[in-house]
Every structure is written in C-alpha cells, then in structure tokens.
$ cat protein15.pdb   # PDB, C-alpha atoms
MODEL        1
ATOM      1  CA  MET A   1      25.210   9.775 -23.417
ATOM      2  CA  ASP A   2      27.133   7.556 -20.984
ATOM      3  CA  ASP A   3      25.537   5.302 -18.345
ATOM      4  CA  ALA A   4      26.083   7.694 -15.435
ATOM      5  CA  ALA A   5      24.499  10.610 -17.279
ATOM      6  CA  GLU A   6      21.571   8.448 -18.422
ATOM      7  CA  PHE A   7      20.920   7.249 -14.872
ATOM      8  CA  GLU A   8      21.176  10.783 -13.506
ATOM      9  CA  ALA A   9      18.698  12.066 -16.095
ATOM     10  CA  TYR A  10      16.241   9.271 -15.276
ATOM     11  CA  PHE A  11      16.660   9.854 -11.539
ATOM     12  CA  ARG A  12      16.036  13.594 -11.841
ATOM     13  CA  ALA A  13      12.995  13.046 -14.036
ATOM     14  CA  ARG A  14      11.337  10.337 -11.911
ATOM     15  CA  ARG A  15      12.407  10.825  -8.279
ATOM     16  CA  ASP A  16       9.373  12.863  -7.213
ATOM     17  CA  ALA A  17       6.891  10.500  -8.863
ATOM     18  CA  VAL A  18       8.578   7.446  -7.322
ATOM     19  CA  ARG A  19       8.584   9.119  -3.906
ATOM     20  CA  ARG A  20       4.855   9.983  -4.191
ATOM     21  CA  THR A  21       4.005   6.426  -5.174
ATOM     22  CA  ALA A  22       6.045   5.105  -2.247
ATOM     23  CA  TYR A  23       4.151   7.457   0.085
ATOM     24  CA  LEU A  24       0.806   6.245  -1.214
ATOM     25  CA  LEU A  25       1.943   2.668  -0.668
ATOM     26  CA  CYS A  26       3.247   3.074   2.886
ATOM     27  CA  GLY A  27       1.580   6.259   4.193
ATOM     28  CA  ASP A  28       4.699   7.782   5.754
ATOM     29  CA  TRP A  29       7.027  10.276   4.046
ATOM     30  CA  HIS A  30      10.139   9.084   5.895
ATOM     31  CA  ARG A  31       9.550   5.460   4.981
ATOM     32  CA  ALA A  32       8.613   6.556   1.445
ATOM     33  CA  ASP A  33      12.007   8.231   1.119
ATOM     34  CA  ASP A  34      13.677   5.029   2.297
ATOM     35  CA  HIS A  35      11.734   2.878  -0.166
ATOM     36  CA  ALA A  36      12.351   5.257  -3.073
ATOM     37  CA  GLN A  37      16.050   5.386  -2.248
ATOM     38  CA  ALA A  38      16.257   1.597  -2.027
ATOM     39  CA  ALA A  39      14.520   1.253  -5.410
ATOM     40  CA  PHE A  40      16.886   3.730  -7.059
ATOM     41  CA  VAL A  41      19.909   2.007  -5.507
ATOM     42  CA  LYS A  42      18.730  -1.321  -6.949
ATOM     43  CA  LEU A  43      18.138   0.320 -10.311
ATOM     44  CA  HIS A  44      21.630   1.829 -10.276
ATOM     45  CA  ARG A  45      23.102  -1.558  -9.451
ATOM     46  CA  HIS A  46      21.366  -3.139 -12.460
ATOM     47  CA  TRP A  47      21.523  -0.126 -14.805
ATOM     48  CA  ARG A  48      24.010  -1.566 -17.307
ATOM     49  CA  ARG A  49      22.081  -4.827 -17.635
ATOM     50  CA  ILE A  50      18.726  -3.179 -18.382
ATOM     51  CA  ARG A  51      18.414  -3.075 -22.147
ATOM     52  CA  ASP A  52      14.849  -1.835 -22.539
ATOM     53  CA  ARG A  53      14.975   1.711 -21.174
ATOM     54  CA  GLY A  54      11.273   2.069 -21.942
ATOM     55  CA  ALA A  55      10.486  -0.478 -19.245
ATOM     56  CA  LEU A  56      12.243   1.440 -16.464
ATOM     57  CA  ASP A  57       9.043   2.830 -14.926
ATOM     58  CA  GLY A  58       7.529  -0.654 -14.678
ATOM     59  CA  TRP A  59      10.763  -2.006 -13.210
ATOM     60  CA  MET A  60      10.809   0.775 -10.608
ATOM     61  CA  ARG A  61       7.121   0.256  -9.706
ATOM     62  CA  ARG A  62       7.653  -3.448  -9.210
ATOM     63  CA  THR A  63      10.792  -2.904  -7.110
ATOM     64  CA  LEU A  64       9.029  -0.259  -5.038
ATOM     65  CA  VAL A  65       5.947  -2.391  -4.364
ATOM     66  CA  ARG A  66       8.099  -5.359  -3.400
ATOM     67  CA  SER A  67      10.096  -3.190  -1.002
ATOM     68  CA  VAL A  68       6.967  -1.869   0.732
ATOM     69  CA  VAL A  69       5.218  -5.246   0.923
ATOM     70  CA  ASP A  70       8.365  -7.014   2.164
ATOM     71  CA  GLU A  71       8.913  -4.424   4.879
ATOM     72  CA  SER A  72       5.299  -4.673   6.017
ATOM     73  CA  ARG A  73       5.885  -8.371   6.714
ATOM     74  CA  ARG A  74       8.694  -7.664   9.145
ATOM     75  CA  PRO A  75       7.718  -8.115  12.798
ATOM     76  CA  TRP A  76       8.551  -4.589  13.939
ATOM     77  CA  ARG A  77       6.186  -3.133  11.324
ATOM     78  CA  ARG A  78       3.232  -4.870  12.975
ATOM     79  CA  GLU A  79       3.618  -2.718  16.060
ATOM     80  CA  ARG A  80       1.058   0.022  16.446
ATOM     81  CA  ALA A  81       1.344   3.316  18.288
ATOM     82  CA  THR A  82      -0.874   3.579  21.357
ATOM     83  CA  GLU A  83      -1.486   7.317  21.208
ATOM     84  CA  VAL A  84      -5.063   7.992  20.163
ATOM     85  CA  LEU A  85      -5.671  11.046  18.019
ATOM     86  CA  GLU A  86      -9.010  12.651  17.326
ATOM     87  CA  PRO A  87     -10.153  11.978  13.766
ATOM     88  CA  ALA A  88      -9.991  15.030  11.547
ATOM     89  CA  ALA A  89     -13.361  16.460  10.655
ATOM     90  CA  VAL A  90     -14.030  16.447   6.941
ATOM     91  CA  GLU A  91     -16.733  18.737   5.647
ATOM     92  CA  SER A  92     -18.811  18.095   2.587
ATOM     93  CA  GLY A  93     -17.061  19.552  -0.453
ATOM     94  CA  ALA A  94     -13.672  19.365   1.268
ATOM     95  CA  ASP A  95     -10.713  20.686  -0.658
ATOM     96  CA  GLY A  96      -8.204  18.348  -2.301
ATOM     97  CA  VAL A  97      -5.767  18.457   0.605
ATOM     98  CA  ALA A  98      -8.310  17.210   3.158
ATOM     99  CA  THR A  99      -9.536  14.601   0.711
ATOM    100  CA  ARG A 100      -5.998  13.356   0.100
ATOM    101  CA  HIS A 101      -5.294  13.117   3.839
ATOM    102  CA  VAL A 102      -8.477  11.147   4.449
ATOM    103  CA  LEU A 103      -7.684   8.814   1.566
ATOM    104  CA  VAL A 104      -4.093   8.234   2.699
ATOM    105  CA  ASP A 105      -5.252   7.602   6.276
ATOM    106  CA  GLY A 106      -7.778   5.101   4.934
ATOM    107  CA  LEU A 107      -5.143   3.398   2.783
ATOM    108  CA  ARG A 108      -2.952   2.880   5.865
ATOM    109  CA  ALA A 109      -5.611   0.586   7.296
ATOM    110  CA  VAL A 110      -5.805  -1.576   4.159
ATOM    111  CA  PRO A 111      -3.493  -4.635   4.072
ATOM    112  CA  PRO A 112      -0.244  -3.963   2.150
ATOM    113  CA  ARG A 113      -0.904  -6.155  -0.889
ATOM    114  CA  GLN A 114      -4.410  -4.743  -1.350
ATOM    115  CA  ARG A 115      -3.063  -1.223  -0.811
ATOM    116  CA  ALA A 116      -0.457  -1.818  -3.520
ATOM    117  CA  VAL A 117      -3.157  -2.933  -5.967
ATOM    118  CA  LEU A 118      -5.356   0.087  -5.179
ATOM    119  CA  VAL A 119      -2.477   2.543  -5.560
ATOM    120  CA  LEU A 120      -1.293   1.032  -8.837
ATOM    121  CA  ARG A 121      -4.795   0.715 -10.310
ATOM    122  CA  PHE A 122      -6.442   3.953  -9.245
ATOM    123  CA  LEU A 123      -3.671   6.399  -8.396
ATOM    124  CA  GLU A 124      -0.988   5.311 -10.868
ATOM    125  CA  GLY A 125      -3.584   4.576 -13.557
ATOM    126  CA  LEU A 126      -2.434   1.063 -14.491
ATOM    127  CA  ASP A 127      -4.890  -1.401 -15.954
ATOM    128  CA  VAL A 128      -5.383  -4.927 -14.576
ATOM    129  CA  ALA A 129      -2.691  -6.419 -16.823
ATOM    130  CA  GLY A 130      -0.168  -3.692 -15.963
ATOM    131  CA  THR A 131      -0.825  -4.076 -12.252
ATOM    132  CA  ALA A 132      -0.440  -7.856 -12.508
ATOM    133  CA  ALA A 133       2.889  -7.404 -14.296
ATOM    134  CA  ALA A 134       4.110  -4.890 -11.690
ATOM    135  CA  LEU A 135       3.180  -7.188  -8.805
ATOM    136  CA  GLY A 136       4.202 -10.434 -10.480
ATOM    137  CA  CYS A 137       0.818 -12.104 -10.030
ATOM    138  CA  SER A 138      -2.161 -13.148 -12.151
ATOM    139  CA  GLU A 139      -4.849 -10.796 -13.394
ATOM    140  CA  GLY A 140      -7.396 -12.734 -11.332
ATOM    141  CA  THR A 141      -5.394 -11.985  -8.208
ATOM    142  CA  VAL A 142      -5.361  -8.292  -9.089
ATOM    143  CA  LYS A 143      -9.141  -8.325  -9.547
ATOM    144  CA  SER A 144      -9.793 -10.093  -6.243
ATOM    145  CA  GLN A 145      -7.283  -7.909  -4.365
ATOM    146  CA  THR A 146      -8.940  -4.828  -5.883
ATOM    147  CA  SER A 147     -12.351  -6.006  -4.725
ATOM    148  CA  HIS A 148     -11.136  -6.867  -1.220
ATOM    149  CA  GLY A 149      -9.095  -3.657  -0.999
ATOM    150  CA  LEU A 150     -12.015  -1.457  -1.997
ATOM    151  CA  ALA A 151     -14.239  -3.249   0.518
ATOM    152  CA  ALA A 152     -11.633  -2.708   3.245
ATOM    153  CA  LEU A 153     -11.265   0.954   2.274
ATOM    154  CA  ARG A 154     -15.042   1.412   2.338
ATOM    155  CA  ALA A 155     -15.196  -0.219   5.779
ATOM    156  CA  VAL A 156     -12.469   2.072   7.101
ATOM    157  CA  LEU A 157     -13.784   5.285   5.560
ATOM    158  CA  GLY A 158     -17.483   4.499   6.040
ATOM    159  CA  ASP A 159     -19.594   7.649   5.908
ATOM    160  CA  THR A 160     -16.541   9.729   5.055
ATOM    161  CA  LEU A 161     -16.819   8.479   1.474
ATOM    162  CA  ASP A 162     -20.178  10.197   1.114
ATOM    163  CA  ASP A 163     -18.664  13.431   2.419
ATOM    164  CA  LEU A 164     -15.801  13.238  -0.096
ATOM    165  CA  ARG A 165     -17.984  12.744  -3.177
ATOM    166  CA  PRO A 166     -18.433  15.940  -5.155
ATOM    167  CA  THR A 167     -21.921  17.379  -4.975
ATOM    168  CA  GLY A 168     -23.889  18.694  -7.935
TER     169      GLY A 168
ENDMDL
END
$ encode --input "protein15.pdb" --output "structure tokens"
Amino acid sequence: MDDAAEFEAYFRARRDAVRRTAYLLCGDWHRADDHAQAAFVKLHRHWRRIRDRGALDGWMRRTLVRSVVDESRRPWRRERATEVLEPAAVESGADGVATRHVLVDGLRAVPPRQRAVLVLRFLEGLDVAGTAAALGCSEGTVKSQTSHGLAALRAVLGDTLDDLRPTG
C-alpha cells in the first residue's frame, strides 16, 4: 500500500473519533472540526517520516490537545458572549443525551489544560502515564491537573452531579 492510500485509510478510520475528542476538548463542533482538520493536516505533512504506525493515535491526540490548548491562550478566545441563557433542567435519571450536554457544558468552564487531562483520562480512557505522554508533561502534573480539574468540574456542576448519578 502506498503512502497516500495508507493515510487515506487512517483518516477514514479515525476522523470521527478525532473530531469527537476535539469537541470534548473545546466544547464547540465548529472549532472541533477546525482542530481535527489542523491535526490531520500536520499528520499528512509528517506522514512519510512517521515510522511507527502504531503510535499514530498517540501522535494525533498530542497534536490535537496542543492545538486546543494553544488556541485557548489566544486573546480573542478569552472573550465571552454576553447573552445569558437559562440553564437546561436536568431530571434525575436523565437520558444519555442530557447527561452528555451537561457534562460538555461543565467541561467548557474548566481551564483548558485541566479539561485536556479530564478528557484524555476519563473519556479517552488513557492512564496517567499515557496522558502524561500525550501532553508532554510529568505524571505528577497529570495527577494534580486531574485533581484540580475534577474539583473545578464539581464546582461548576454542583448539585447537577447528584442528579446525573444513576439511581438504584
């Protein structure tokens, strides 16, 4: 299989997963598309130099996280919309869609680096070492960012967490 066909096969197999991860990191589908596209463009640019094809998912995760965190540091990303929306009511035993929306809304309020750690650890299923490798930091940093991120998420979601826990 030639390089173009290999890249196309990888792209087709992973594009939806990369896009979902980008959405969980940034909380906006349009920006998620931009981040996923940027990560795939970078991968395509380096495709011939990547020897270990088994490490592609880790390479993409790291590129994606860096893209989201770097963009969050830009001044225009610190602007906030002034329109105030009523919070969505979440009933006890809410279905998965409502739960996902509440979680994503809560993740938006968590600082970008902590959000990246939470997404990689709990939604992507990476362990501490894998998350540290993806973010290019120490395992201690991952542990502290996880702790701070969970505390921030708890503060944002508050009583909503109790409503989201399955009963019985």
$ residues_around --input "protein15.pdb" --residues "segment 140-142 of chain A" --least-positions-apart "5" --cutoff "9 Å" --atoms "all atoms listed in the file" --output "ChimeraX atom specification"
/A:114,117,128-129,131-132,135,147
$ resolve_selection --input "protein15.pdb" --expression "the PyMOL selection byres ((chain A and resi 32) around 9)" --output "list in words"
Val18, Arg19, Arg20, Thr21, Ala22, Tyr23, Leu24, Leu25, Cys26, Gly27, Asp28, Trp29, His30, Arg31, Asp33, Asp34, His35, Ala36, Gln37 and Val68 of chain A
$ closest_residue --input "protein15.pdb" --among "A:Leu120, A:Leu103, A:Leu153, A:Ile50" --to "Phe7 of chain A" --atoms "only C-alpha atoms"
A:Ile50
$ residues_around --input "protein15.pdb" --residues "Ala155 of chain A" --least-positions-apart "5" --cutoff "10 Å" --atoms "only C-alpha atoms" --output "list in words"
Gly106, Ala109, Val110, Gly149, Leu150 and Leu161 of chain A
$ atom_distance --input "protein15.pdb" --atom1 "atom CA of Ala38 of chain A" --atom2 "atom CA of Ala55 of chain A"
18.3 Å
$ atom_distance --input "protein15.pdb" --atom1 "atom CA of Arg53 of chain A" --atom2 "atom CA of Leu126 of chain A"
18.7 Å
$ atom_distance --input "protein15.pdb" --atom1 "atom CA of Glu124 of chain A" --atom2 "atom CA of Gly58 of chain A"
11.1 Å
$ resolve_selection --input "protein15.pdb" --expression "the PyMOL selection byres ((chain A and resi 40) around 12)" --output "number ranges by chain"
A: 7-8, 10-12, 14-16, 18-19, 22, 33-39, 41-47, 56-57, 59-64, 67
$ residues_around --input "protein15.pdb" --residues "Ala151 of chain A" --least-positions-apart "5" --cutoff "12 Å" --atoms "all atoms listed in the file" --output "list in words"
Gly106, Leu107, Ala109, Val110, Pro111, Gln114, Arg115, Leu118, Ser144, Gln145, Thr146, Val156, Leu157 and Gly158 of chain A
$ closest_residue --input "protein15.pdb" --among "A:Ala133, A:Arg48, A:Ala17, A:Val65" --to "Ala4 of chain A" --atoms "all atoms listed in the file"
A:Arg48
$ axis_aligned_box --input "protein15.pdb" --around "segment 148-157 of chain A" --padding-each-side "3 Å" --output "lines of an AutoDock Vina configuration file"
center_x = -12.1
center_y = -0.8
center_z = 2.6
size_x = 12.1
size_y = 18.2
size_z = 15.1
$ closest_residue --input "protein15.pdb" --among "A:Arg100, A:Arg66, A:Arg121, A:His148" --to "Gly136 of chain A" --atoms "all atoms listed in the file"
A:Arg66
$ closest_residue --input "protein15.pdb" --among "A:His101, A:Gly54, A:Pro112, A:Ser72" --to "Ala152 of chain A" --atoms "all atoms listed in the file"
A:Pro112
$ closest_residue --input "protein15.pdb" --among "A:Asp105, A:Glu139, A:Asp3, A:Asp52" --to "Asp127 of chain A" --atoms "all atoms listed in the file"
A:Glu139
$ build_atoms --input "protein15.pdb" --residues "segment 26-55 of chain A" --atoms "N, CA and C atoms" --output "mmCIF file, in the frame of the given file"
data_model
loop_
_atom_site.group_PDB
_atom_site.id
_atom_site.type_symbol
_atom_site.label_atom_id
_atom_site.label_comp_id
_atom_site.auth_asym_id
_atom_site.auth_seq_id
_atom_site.Cartn_x
_atom_site.Cartn_y
_atom_site.Cartn_z
ATOM 1 N N CYS A 26 2.935 3.321 1.467
ATOM 2 C CA CYS A 26 3.247 3.074 2.886
ATOM 3 C C CYS A 26 2.629 4.097 3.836
ATOM 4 N N GLY A 27 2.258 5.275 3.353
ATOM 5 C CA GLY A 27 1.580 6.259 4.193
ATOM 6 C C GLY A 27 2.474 7.064 5.117
ATOM 7 N N ASP A 28 3.774 7.043 4.897
ATOM 8 C CA ASP A 28 4.699 7.782 5.754
ATOM 9 C C ASP A 28 5.806 8.338 4.873
ATOM 10 N N TRP A 29 6.034 9.655 4.932
ATOM 11 C CA TRP A 29 7.027 10.276 4.046
ATOM 12 C C TRP A 29 8.446 9.781 4.320
ATOM 13 N N HIS A 30 8.780 9.541 5.576
ATOM 14 C CA HIS A 30 10.139 9.084 5.895
ATOM 15 C C HIS A 30 10.384 7.680 5.338
ATOM 16 N N ARG A 31 9.418 6.813 5.542
ATOM 17 C CA ARG A 31 9.550 5.460 4.981
ATOM 18 C C ARG A 31 9.490 5.498 3.456
ATOM 19 N N ALA A 32 8.684 6.414 2.902
ATOM 20 C CA ALA A 32 8.613 6.556 1.445
ATOM 21 C C ALA A 32 9.975 6.945 0.879
ATOM 22 N N ASP A 33 10.656 7.862 1.557
ATOM 23 C CA ASP A 33 12.007 8.231 1.119
ATOM 24 C C ASP A 33 12.939 7.027 1.144
ATOM 25 N N ASP A 34 12.834 6.229 2.195
ATOM 26 C CA ASP A 34 13.677 5.029 2.297
ATOM 27 C C ASP A 34 13.385 4.045 1.173
ATOM 28 N N HIS A 35 12.109 3.821 0.887
ATOM 29 C CA HIS A 35 11.734 2.878 -0.166
ATOM 30 C C HIS A 35 12.156 3.388 -1.546
ATOM 31 N N ALA A 36 11.946 4.681 -1.783
ATOM 32 C CA ALA A 36 12.351 5.257 -3.073
ATOM 33 C C ALA A 36 13.866 5.165 -3.237
ATOM 34 N N GLN A 37 14.595 5.475 -2.182
ATOM 35 C CA GLN A 37 16.050 5.386 -2.248
ATOM 36 C C GLN A 37 16.490 3.953 -2.514
ATOM 37 N N ALA A 38 15.895 3.003 -1.825
ATOM 38 C CA ALA A 38 16.257 1.597 -2.027
ATOM 39 C C ALA A 38 15.974 1.164 -3.463
ATOM 40 N N ALA A 39 14.856 1.617 -4.026
ATOM 41 C CA ALA A 39 14.520 1.253 -5.410
ATOM 42 C C ALA A 39 15.519 1.857 -6.391
ATOM 43 N N PHE A 40 15.906 3.105 -6.169
ATOM 44 C CA PHE A 40 16.886 3.730 -7.059
ATOM 45 C C PHE A 40 18.270 3.093 -6.912
ATOM 46 N N VAL A 41 18.622 2.690 -5.706
ATOM 47 C CA VAL A 41 19.909 2.007 -5.507
ATOM 48 C C VAL A 41 19.912 0.691 -6.282
ATOM 49 N N LYS A 42 18.819 -0.061 -6.201
ATOM 50 C CA LYS A 42 18.730 -1.321 -6.949
ATOM 51 C C LYS A 42 18.785 -1.067 -8.450
ATOM 52 N N LEU A 43 18.104 -0.022 -8.890
ATOM 53 C CA LEU A 43 18.138 0.320 -10.311
ATOM 54 C C LEU A 43 19.565 0.661 -10.736
ATOM 55 N N HIS A 44 20.251 1.442 -9.939
ATOM 56 C CA HIS A 44 21.630 1.829 -10.276
ATOM 57 C C HIS A 44 22.529 0.601 -10.365
ATOM 58 N N ARG A 45 22.306 -0.339 -9.457
ATOM 59 C CA ARG A 45 23.102 -1.558 -9.451
ATOM 60 C C ARG A 45 22.897 -2.382 -10.727
ATOM 61 N N HIS A 46 21.693 -2.341 -11.279
ATOM 62 C CA HIS A 46 21.366 -3.139 -12.460
ATOM 63 C C HIS A 46 21.340 -2.317 -13.751
ATOM 64 N N TRP A 47 21.688 -1.062 -13.691
ATOM 65 C CA TRP A 47 21.523 -0.126 -14.805
ATOM 66 C C TRP A 47 22.124 -0.640 -16.113
ATOM 67 N N ARG A 48 23.324 -1.139 -16.075
ATOM 68 C CA ARG A 48 24.010 -1.566 -17.307
ATOM 69 C C ARG A 48 23.366 -2.792 -17.939
ATOM 70 N N ARG A 49 22.703 -3.606 -17.109
ATOM 71 C CA ARG A 49 22.081 -4.827 -17.635
ATOM 72 C C ARG A 49 20.687 -4.600 -18.193
ATOM 73 N N ILE A 50 20.078 -3.470 -17.909
ATOM 74 C CA ILE A 50 18.726 -3.179 -18.382
ATOM 75 C C ILE A 50 18.823 -2.653 -19.808
ATOM 76 N N ARG A 51 18.309 -3.437 -20.728
ATOM 77 C CA ARG A 51 18.414 -3.075 -22.147
ATOM 78 C C ARG A 51 17.239 -2.233 -22.616
ATOM 79 N N ASP A 52 16.057 -2.543 -22.114
ATOM 80 C CA ASP A 52 14.849 -1.835 -22.539
ATOM 81 C C ASP A 52 14.611 -0.648 -21.616
ATOM 82 N N ARG A 53 15.111 0.511 -22.006
ATOM 83 C CA ARG A 53 14.975 1.711 -21.174
ATOM 84 C C ARG A 53 13.518 2.178 -21.089
ATOM 85 N N GLY A 54 12.693 1.732 -21.991
ATOM 86 C CA GLY A 54 11.273 2.069 -21.942
ATOM 87 C C GLY A 54 10.525 1.352 -20.836
ATOM 88 N N ALA A 55 11.125 0.305 -20.306
ATOM 89 C CA ALA A 55 10.486 -0.478 -19.245
ATOM 90 C C ALA A 55 10.951 -0.059 -17.854
#
